[in-house]
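J.: Here it is, the structure in full.
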Amino acid sequence: MSEPIRILYTIPNFITAGSGGAMLNIIKRLDRDRFEPAVAVLKLGGKLDYEVRRMGLELIETPFTIPPKPYGSLFFRSRQAAEVFKPYKFDLWHSFHYGEDYTEPLIAHFAGARGWVYTKKNMNWHSRAWLLRSMLAKRIAAQNSDMIKDFFDTPMLKGKARLIPRGVDLDKFQPSNETDASLHSRFGIADEIVLIGCVAHLVPVKGHPTLIDAVSRLEGVHLFLAGRPMDAEYTGKLHEQAMALQVSERVHFLDGVEDVPAFLAQLDIVAMPTTRQGEGCPVALLEAMACGKACVATDVPGSRDIIEDGVSGLLVEPENAIDLASAIQRLINDRQFRERMGKAARIRIEEHFSIEKEVAAHEKLYEEILARKGKNHDW
């Protein structure tokens, strides 16, 4: 049997990098007969550091990026930074650093890696740095089809990107028959009142103002926003908006929730009101659908790949509170329709967005790179 492929996964840290869990979900399921993973962070201290060590993985704290300027010494400085990694003899690097840095692939090259891959999570683009980063990548794991069409369908990049959406642990996120009414009792809400939820950090791209506006147009419903206040000014404006629209008693800010499946089990409808900017592949939407919830999302990159409009969820025009309110009202009015949509949502995730499918796609990507490169470095 041939030696397993040694892969270094890089991420800034497990303190603020919210995608650390998604990265570890892949790593822990890799076939260890074929792949030997390790992790590098710029700074230790996150709660998932322990998880990495518990899995028996190397956890390296060292710079894997450097400032690009001064350009005249960039290659020399990249070689210096690579010295730390040379003894590990990594075959591949996979970057979960979501910025536009292009120094990491240079360091990976000088460290002896046979290929460098990055995951494109967000819809940021239109800079020379992103182009350089993509040109230096051997492959790109794009999280939605809009990325491939809008960013990578060019002569210089064509053929590099592979569509690899996020996946969900179907055992952890599944429909629940429990009738836990703790949200109703905790907030003094009558049992018959419909509960709407949104699991997303409180940052502008998530589109919370449109959702609050939509709720103000709906009679009686209560909205629960489960997301950490990552932007203080934005969070303050959301509270002000709820007060101005006289719905502050029906809009509840929960900050983050530890047990997301339990939270989702108590909701009737889940909304994902992302702005026109779009996002990569909204995991919160996948998880809600896996739990059999009827979901309403905006028709933007990321969400439109997941929901089949009118079948496994509803898509509405982004930043349009009237359209969003109308879709939610449709689900409120017809409980049977809501339940059918929730069941179809679960099937959609089972068939296309399981964590097993995500892991298999990554394994195929890694072997594709090394099979094409053989033993030579041809960056």
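Ordering of the structure tokens sets the chain letters (A, B, ...), residue numbers begin anew at 1 in every chain, and ligands are numbered from 1 in the order given.
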Within 12 Å of region 236-256 of chain A, which residues of region 130-188 of chain A come that close, and what is the closest atom pair and distance in Å for each? Count only C-alpha atoms and give it as a Markdown table.
T.:
| residue | atom | partner | partner_atom | distance |
| --- | --- | --- | --- | --- |
| A:Leu183 | CA | A:His252 | CA | 10.3 |
| A:His184 | CA | A:Arg250 | CA | 11.7 |
| A:Arg186 | CA | A:His252 | CA | 11.3 |
| A:Phe187 | CA | A:His252 | CA | 8.9 |
| A:Gly188 | CA | A:Glu249 | CA | 10.7 |
J.: Could you save those same residues with N, CA and C atoms as a JSON list (two decimals), in the first residue's frame?
T.:
[["chain", "number", "residue", "atom", "x", "y", "z"],
["A", 183, "LEU", "N", -39.26, 27.81, 24.17],
["A", 183, "LEU", "CA", -39.26, 29.18, 23.66],
["A", 183, "LEU", "C", -40.61, 29.85, 23.95],
["A", 184, "HIS", "N", -41.69, 29.11, 23.75],
["A", 184, "HIS", "CA", -43.01, 29.66, 24.05],
["A", 184, "HIS", "C", -43.13, 30.03, 25.53],
["A", 186, "ARG", "N", -40.65, 30.34, 27.82],
["A", 186, "ARG", "CA", -39.62, 31.28, 28.27],
["A", 186, "ARG", "C", -39.99, 32.72, 27.96],
["A", 187, "PHE", "N", -40.63, 32.93, 26.81],
["A", 187, "PHE", "CA", -40.94, 34.30, 26.40],
["A", 187, "PHE", "C", -42.43, 34.63, 26.54],
["A", 188, "GLY", "N", -43.17, 33.72, 27.19],
["A", 188, "GLY", "CA", -44.57, 33.99, 27.44],
["A", 188, "GLY", "C", -45.41, 34.09, 26.18]]
J.: Please identify the strand (DSSP E or B) residues within region 115-232 of chain A (assignment by DSSP from backbone atoms) and present them as a VMD selection string.
T.: chain A and resid 115 to 120 139 to 142 161 to 163 168 195 to 199 222 to 226
J.: What would the file look like if the residues just selected were written as a tab-separated table (two decimals), in the first residue's frame with N, CA and C atoms?
T.:
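So the final result, stored in result23.tsv, reads:
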chain	number	residue	atom	x	y	z
A	115	GLY	N	1.07	20.69	-4.36
A	115	GLY	CA	-0.10	21.43	-4.80
A	115	GLY	C	-0.69	22.23	-3.66
A	116	TRP	N	-1.36	23.32	-4.00
A	116	TRP	CA	-2.01	24.17	-3.01
A	116	TRP	C	-3.45	24.41	-3.46
A	117	VAL	N	-4.39	24.17	-2.56
A	117	VAL	CA	-5.82	24.29	-2.83
A	117	VAL	C	-6.40	25.32	-1.87
A	118	TYR	N	-7.39	26.08	-2.32
A	118	TYR	CA	-8.11	26.91	-1.35
A	118	TYR	C	-9.60	26.78	-1.55
A	119	THR	N	-10.33	26.94	-0.45
A	119	THR	CA	-11.79	26.93	-0.50
A	119	THR	C	-12.28	28.35	-0.66
A	120	LYS	N	-13.12	28.58	-1.67
A	120	LYS	CA	-13.71	29.90	-1.89
A	120	LYS	C	-15.07	29.91	-1.22
A	139	ARG	N	-5.96	23.82	-7.52
A	139	ARG	CA	-7.40	23.64	-7.63
A	139	ARG	C	-8.08	24.60	-6.65
A	140	ILE	N	-9.37	24.86	-6.91
A	140	ILE	CA	-10.17	25.74	-6.06
A	140	ILE	C	-11.46	25.01	-5.73
A	141	ALA	N	-11.78	24.90	-4.46
A	141	ALA	CA	-13.04	24.29	-4.03
A	141	ALA	C	-14.08	25.41	-3.90
A	142	ALA	N	-14.91	25.55	-4.91
A	142	ALA	CA	-15.93	26.61	-4.93
A	142	ALA	C	-17.21	26.09	-4.29
A	161	ALA	N	-11.55	25.24	-10.90
A	161	ALA	CA	-12.55	25.20	-9.83
A	161	ALA	C	-13.37	23.93	-9.88
A	162	ARG	N	-13.67	23.40	-8.71
A	162	ARG	CA	-14.56	22.26	-8.56
A	162	ARG	C	-15.68	22.66	-7.60
A	163	LEU	N	-16.91	22.36	-7.96
A	163	LEU	CA	-18.05	22.68	-7.09
A	163	LEU	C	-18.10	21.69	-5.94
A	168	VAL	N	-23.83	18.38	5.63
A	168	VAL	CA	-24.44	18.35	6.96
A	168	VAL	C	-24.35	16.95	7.56
A	195	LEU	N	-43.57	30.56	15.28
A	195	LEU	CA	-42.23	31.03	15.59
A	195	LEU	C	-41.34	30.95	14.35
A	196	ILE	N	-40.70	32.06	14.04
A	196	ILE	CA	-39.78	32.14	12.91
A	196	ILE	C	-38.37	32.30	13.47
A	197	GLY	N	-37.40	31.65	12.86
A	197	GLY	CA	-36.03	31.75	13.34
A	197	GLY	C	-35.05	32.04	12.23
A	198	CYS	N	-33.93	32.63	12.63
A	198	CYS	CA	-32.82	32.87	11.71
A	198	CYS	C	-31.52	32.62	12.47
A	199	VAL	N	-30.74	31.68	11.99
A	199	VAL	CA	-29.45	31.37	12.62
A	199	VAL	C	-28.36	31.99	11.75
A	222	HIS	N	-43.66	35.64	16.10
A	222	HIS	CA	-42.46	36.03	16.84
A	222	HIS	C	-41.22	35.57	16.09
A	223	LEU	N	-40.19	36.42	16.11
A	223	LEU	CA	-38.95	36.15	15.40
A	223	LEU	C	-37.81	35.98	16.41
A	224	PHE	N	-37.01	34.92	16.22
A	224	PHE	CA	-35.85	34.67	17.07
A	224	PHE	C	-34.58	34.74	16.23
A	225	LEU	N	-33.71	35.68	16.58
A	225	LEU	CA	-32.45	35.86	15.87
A	225	LEU	C	-31.34	35.22	16.69
A	226	ALA	N	-30.85	34.10	16.21
A	226	ALA	CA	-29.80	33.36	16.92
A	226	ALA	C	-28.47	33.61	16.21
J.: If we count only C-alpha atoms, what is near Tyr98 (chain A) at a cut-off of 10 Å, once residues fewer than 5 positions away on the same chain are taken out, given as an MDAnalysis selection string?
T.: chainID A and resid 11:12 17 19 118:122 124
J.: Generate a file of the selected residues that holds C-alpha atoms, formatted as an mmCIF file, in the first residue's frame.
T.:
data_model
loop_
_atom_site.group_PDB
_atom_site.id
_atom_site.type_symbol
_atom_site.label_atom_id
_atom_site.label_comp_id
_atom_site.auth_asym_id
_atom_site.auth_seq_id
_atom_site.Cartn_x
_atom_site.Cartn_y
_atom_site.Cartn_z
ATOM 1 C CA ILE A 11 -6.813 28.447 9.036
ATOM 2 C CA PRO A 12 -6.051 31.735 10.854
ATOM 3 C CA ALA A 17 -12.612 31.714 12.289
ATOM 4 C CA SER A 19 -15.341 27.816 9.602
ATOM 5 C CA TYR A 118 -8.106 26.911 -1.352
ATOM 6 C CA THR A 119 -11.787 26.925 -0.497
ATOM 7 C CA LYS A 120 -13.713 29.902 -1.892
ATOM 8 C CA LYS A 121 -16.338 30.608 0.718
ATOM 9 C CA ASN A 122 -17.470 34.157 0.068
ATOM 10 C CA ASN A 124 -15.667 38.766 -2.595
#
J.: Between CA of Ala38 (chain A) and CA of Arg77 (chain A), what is the spacing in Å?
T.: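 Between these atoms lies a distance of 23.3 Å.
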J.: Write out as a ChimeraX atom specification each polymer residue whose atoms come within 8 Å of region 266-274 of chain A, counting only C-alpha atoms; drop sequence neighbours fewer than 2 positions from it.
T.: /A:179-183,194-199,205-208,210-211,262-264,276-279,285,288,293-298,300,318-319,328,331
J.: Next, write the just-selected residues to a file, as an mmCIF file, in the first residue's frame, keeping N, CA and C atoms as the atom set.
T.:
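Result file is out.cif:
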data_model
loop_
_atom_site.group_PDB
_atom_site.id
_atom_site.type_symbol
_atom_site.label_atom_id
_atom_site.label_comp_id
_atom_site.auth_asym_id
_atom_site.auth_seq_id
_atom_site.Cartn_x
_atom_site.Cartn_y
_atom_site.Cartn_z
ATOM 1 N N THR A 179 -41.829 17.766 21.402
ATOM 2 C CA THR A 179 -42.720 18.930 21.445
ATOM 3 C C THR A 179 -42.238 19.929 22.495
ATOM 4 N N ASP A 180 -40.919 20.160 22.521
ATOM 5 C CA ASP A 180 -40.340 21.109 23.467
ATOM 6 C C ASP A 180 -40.851 22.509 23.160
ATOM 7 N N ALA A 181 -41.525 23.109 24.120
ATOM 8 C CA ALA A 181 -42.100 24.446 23.916
ATOM 9 C C ALA A 181 -41.406 25.474 24.802
ATOM 10 N N SER A 182 -40.089 25.275 25.033
ATOM 11 C CA SER A 182 -39.391 26.157 25.968
ATOM 12 C C SER A 182 -39.335 27.594 25.479
ATOM 13 N N LEU A 183 -39.257 27.809 24.172
ATOM 14 C CA LEU A 183 -39.265 29.184 23.664
ATOM 15 C C LEU A 183 -40.612 29.846 23.954
ATOM 16 N N VAL A 194 -47.014 31.290 15.741
ATOM 17 C CA VAL A 194 -45.960 30.784 14.861
ATOM 18 C C VAL A 194 -44.614 31.419 15.228
ATOM 19 N N LEU A 195 -43.573 30.561 15.280
ATOM 20 C CA LEU A 195 -42.231 31.034 15.594
ATOM 21 C C LEU A 195 -41.342 30.947 14.348
ATOM 22 N N ILE A 196 -40.698 32.056 14.044
ATOM 23 C CA ILE A 196 -39.777 32.136 12.912
ATOM 24 C C ILE A 196 -38.368 32.296 13.472
ATOM 25 N N GLY A 197 -37.403 31.645 12.856
ATOM 26 C CA GLY A 197 -36.033 31.748 13.339
ATOM 27 C C GLY A 197 -35.050 32.036 12.231
ATOM 28 N N CYS A 198 -33.926 32.628 12.627
ATOM 29 C CA CYS A 198 -32.824 32.873 11.706
ATOM 30 C C CYS A 198 -31.525 32.625 12.472
ATOM 31 N N VAL A 199 -30.740 31.676 11.994
ATOM 32 C CA VAL A 199 -29.454 31.374 12.620
ATOM 33 C C VAL A 199 -28.362 31.992 11.753
ATOM 34 N N VAL A 205 -24.276 41.311 5.752
ATOM 35 C CA VAL A 205 -24.575 40.455 4.609
ATOM 36 C C VAL A 205 -25.760 39.528 4.872
ATOM 37 N N LYS A 206 -26.065 39.270 6.137
ATOM 38 C CA LYS A 206 -27.140 38.329 6.465
ATOM 39 C C LYS A 206 -28.532 38.924 6.269
ATOM 40 N N GLY A 207 -28.642 40.229 6.123
ATOM 41 C CA GLY A 207 -29.919 40.829 5.735
ATOM 42 C C GLY A 207 -30.988 40.880 6.802
ATOM 43 N N HIS A 208 -30.619 40.955 8.063
ATOM 44 C CA HIS A 208 -31.611 40.998 9.143
ATOM 45 C C HIS A 208 -32.614 42.149 9.040
ATOM 46 N N THR A 210 -34.185 43.352 6.550
ATOM 47 C CA THR A 210 -35.305 42.947 5.687
ATOM 48 C C THR A 210 -36.226 41.995 6.425
ATOM 49 N N LEU A 211 -35.665 41.103 7.220
ATOM 50 C CA LEU A 211 -36.477 40.143 7.958
ATOM 51 C C LEU A 211 -37.287 40.832 9.053
ATOM 52 N N ALA A 262 -31.663 21.590 18.738
ATOM 53 C CA ALA A 262 -32.759 21.778 19.697
ATOM 54 C C ALA A 262 -33.486 23.083 19.445
ATOM 55 N N PHE A 263 -32.742 24.119 19.083
ATOM 56 C CA PHE A 263 -33.355 25.405 18.761
ATOM 57 C C PHE A 263 -34.234 25.281 17.521
ATOM 58 N N LEU A 264 -33.721 24.651 16.484
ATOM 59 C CA LEU A 264 -34.476 24.508 15.243
ATOM 60 C C LEU A 264 -35.753 23.693 15.457
ATOM 61 N N ARG A 276 -28.119 40.972 -1.462
ATOM 62 C CA ARG A 276 -27.784 40.694 -2.859
ATOM 63 C C ARG A 276 -26.350 40.205 -3.032
ATOM 64 N N GLN A 277 -25.497 40.537 -2.099
ATOM 65 C CA GLN A 277 -24.098 40.114 -2.173
ATOM 66 C C GLN A 277 -23.981 38.600 -2.238
ATOM 67 N N GLY A 278 -24.890 37.908 -1.551
ATOM 68 C CA GLY A 278 -24.850 36.452 -1.530
ATOM 69 C C GLY A 278 -23.754 35.936 -0.610
ATOM 70 N N GLU A 279 -23.649 34.615 -0.542
ATOM 71 C CA GLU A 279 -22.610 33.989 0.269
ATOM 72 C C GLU A 279 -22.230 32.658 -0.345
ATOM 73 N N LEU A 285 -28.721 27.256 6.600
ATOM 74 C CA LEU A 285 -29.859 26.866 5.761
ATOM 75 C C LEU A 285 -29.865 25.356 5.556
ATOM 76 N N ALA A 288 -31.083 23.705 8.796
ATOM 77 C CA ALA A 288 -32.526 23.855 9.009
ATOM 78 C C ALA A 288 -33.318 22.913 8.099
ATOM 79 N N LYS A 293 -37.303 21.612 8.300
ATOM 80 C CA LYS A 293 -38.000 22.883 8.457
ATOM 81 C C LYS A 293 -38.319 23.516 7.106
ATOM 82 N N ALA A 294 -39.494 24.111 7.018
ATOM 83 C CA ALA A 294 -39.844 24.901 5.835
ATOM 84 C C ALA A 294 -39.025 26.186 5.881
ATOM 85 N N CYS A 295 -38.295 26.451 4.807
ATOM 86 C CA CYS A 295 -37.366 27.580 4.795
ATOM 87 C C CYS A 295 -37.694 28.565 3.685
ATOM 88 N N VAL A 296 -37.476 29.829 4.000
ATOM 89 C CA VAL A 296 -37.570 30.907 3.020
ATOM 90 C C VAL A 296 -36.203 31.565 2.951
ATOM 91 N N ALA A 297 -35.653 31.668 1.758
ATOM 92 C CA ALA A 297 -34.349 32.298 1.584
ATOM 93 C C ALA A 297 -34.402 33.228 0.384
ATOM 94 N N THR A 298 -33.443 34.132 0.332
ATOM 95 C CA THR A 298 -33.383 35.039 -0.809
ATOM 96 C C THR A 298 -32.706 34.359 -1.991
ATOM 97 N N VAL A 300 -30.205 34.319 -4.048
ATOM 98 C CA VAL A 300 -28.855 34.859 -4.190
ATOM 99 C C VAL A 300 -27.871 33.701 -4.285
ATOM 100 N N PRO A 318 -34.116 39.346 -3.035
ATOM 101 C CA PRO A 318 -33.330 39.862 -1.905
ATOM 102 C C PRO A 318 -33.669 41.307 -1.579
ATOM 103 N N GLU A 319 -33.579 41.635 -0.294
ATOM 104 C CA GLU A 319 -33.780 42.988 0.210
ATOM 105 C C GLU A 319 -35.179 43.535 -0.126
ATOM 106 N N ILE A 328 -43.539 34.103 3.773
ATOM 107 C CA ILE A 328 -43.730 33.587 5.134
ATOM 108 C C ILE A 328 -45.218 33.420 5.435
ATOM 109 N N LEU A 331 -46.673 30.260 4.108
ATOM 110 C CA LEU A 331 -46.358 29.091 4.929
ATOM 111 C C LEU A 331 -47.179 29.081 6.213
#
J.: Near Leu170 (chain A), within 12 Å and counting only C-alpha atoms, which residues show up once chain neighbours fewer than 3 positions away are dropped, as JSON, numbers by chain?
T.: {"A": [167, 173, 174, 175, 261, 286, 287, 288, 289, 290, 291, 292, 346, 347, 348, 349, 350, 351, 352, 353, 354, 355, 356, 357]}
J.: Between CA of Leu106 (chain A) and CA of Arg53 (chain A), what is the spacing in Å?
T.: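 CA of Leu106 (chain A) lies at a distance of 27.4 Å from CA of Arg53 (chain A).
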J.: Separation of CA of Thr103 (chain A) and CA of Ile7 (chain A), in Å?
T.: 18.2 Å
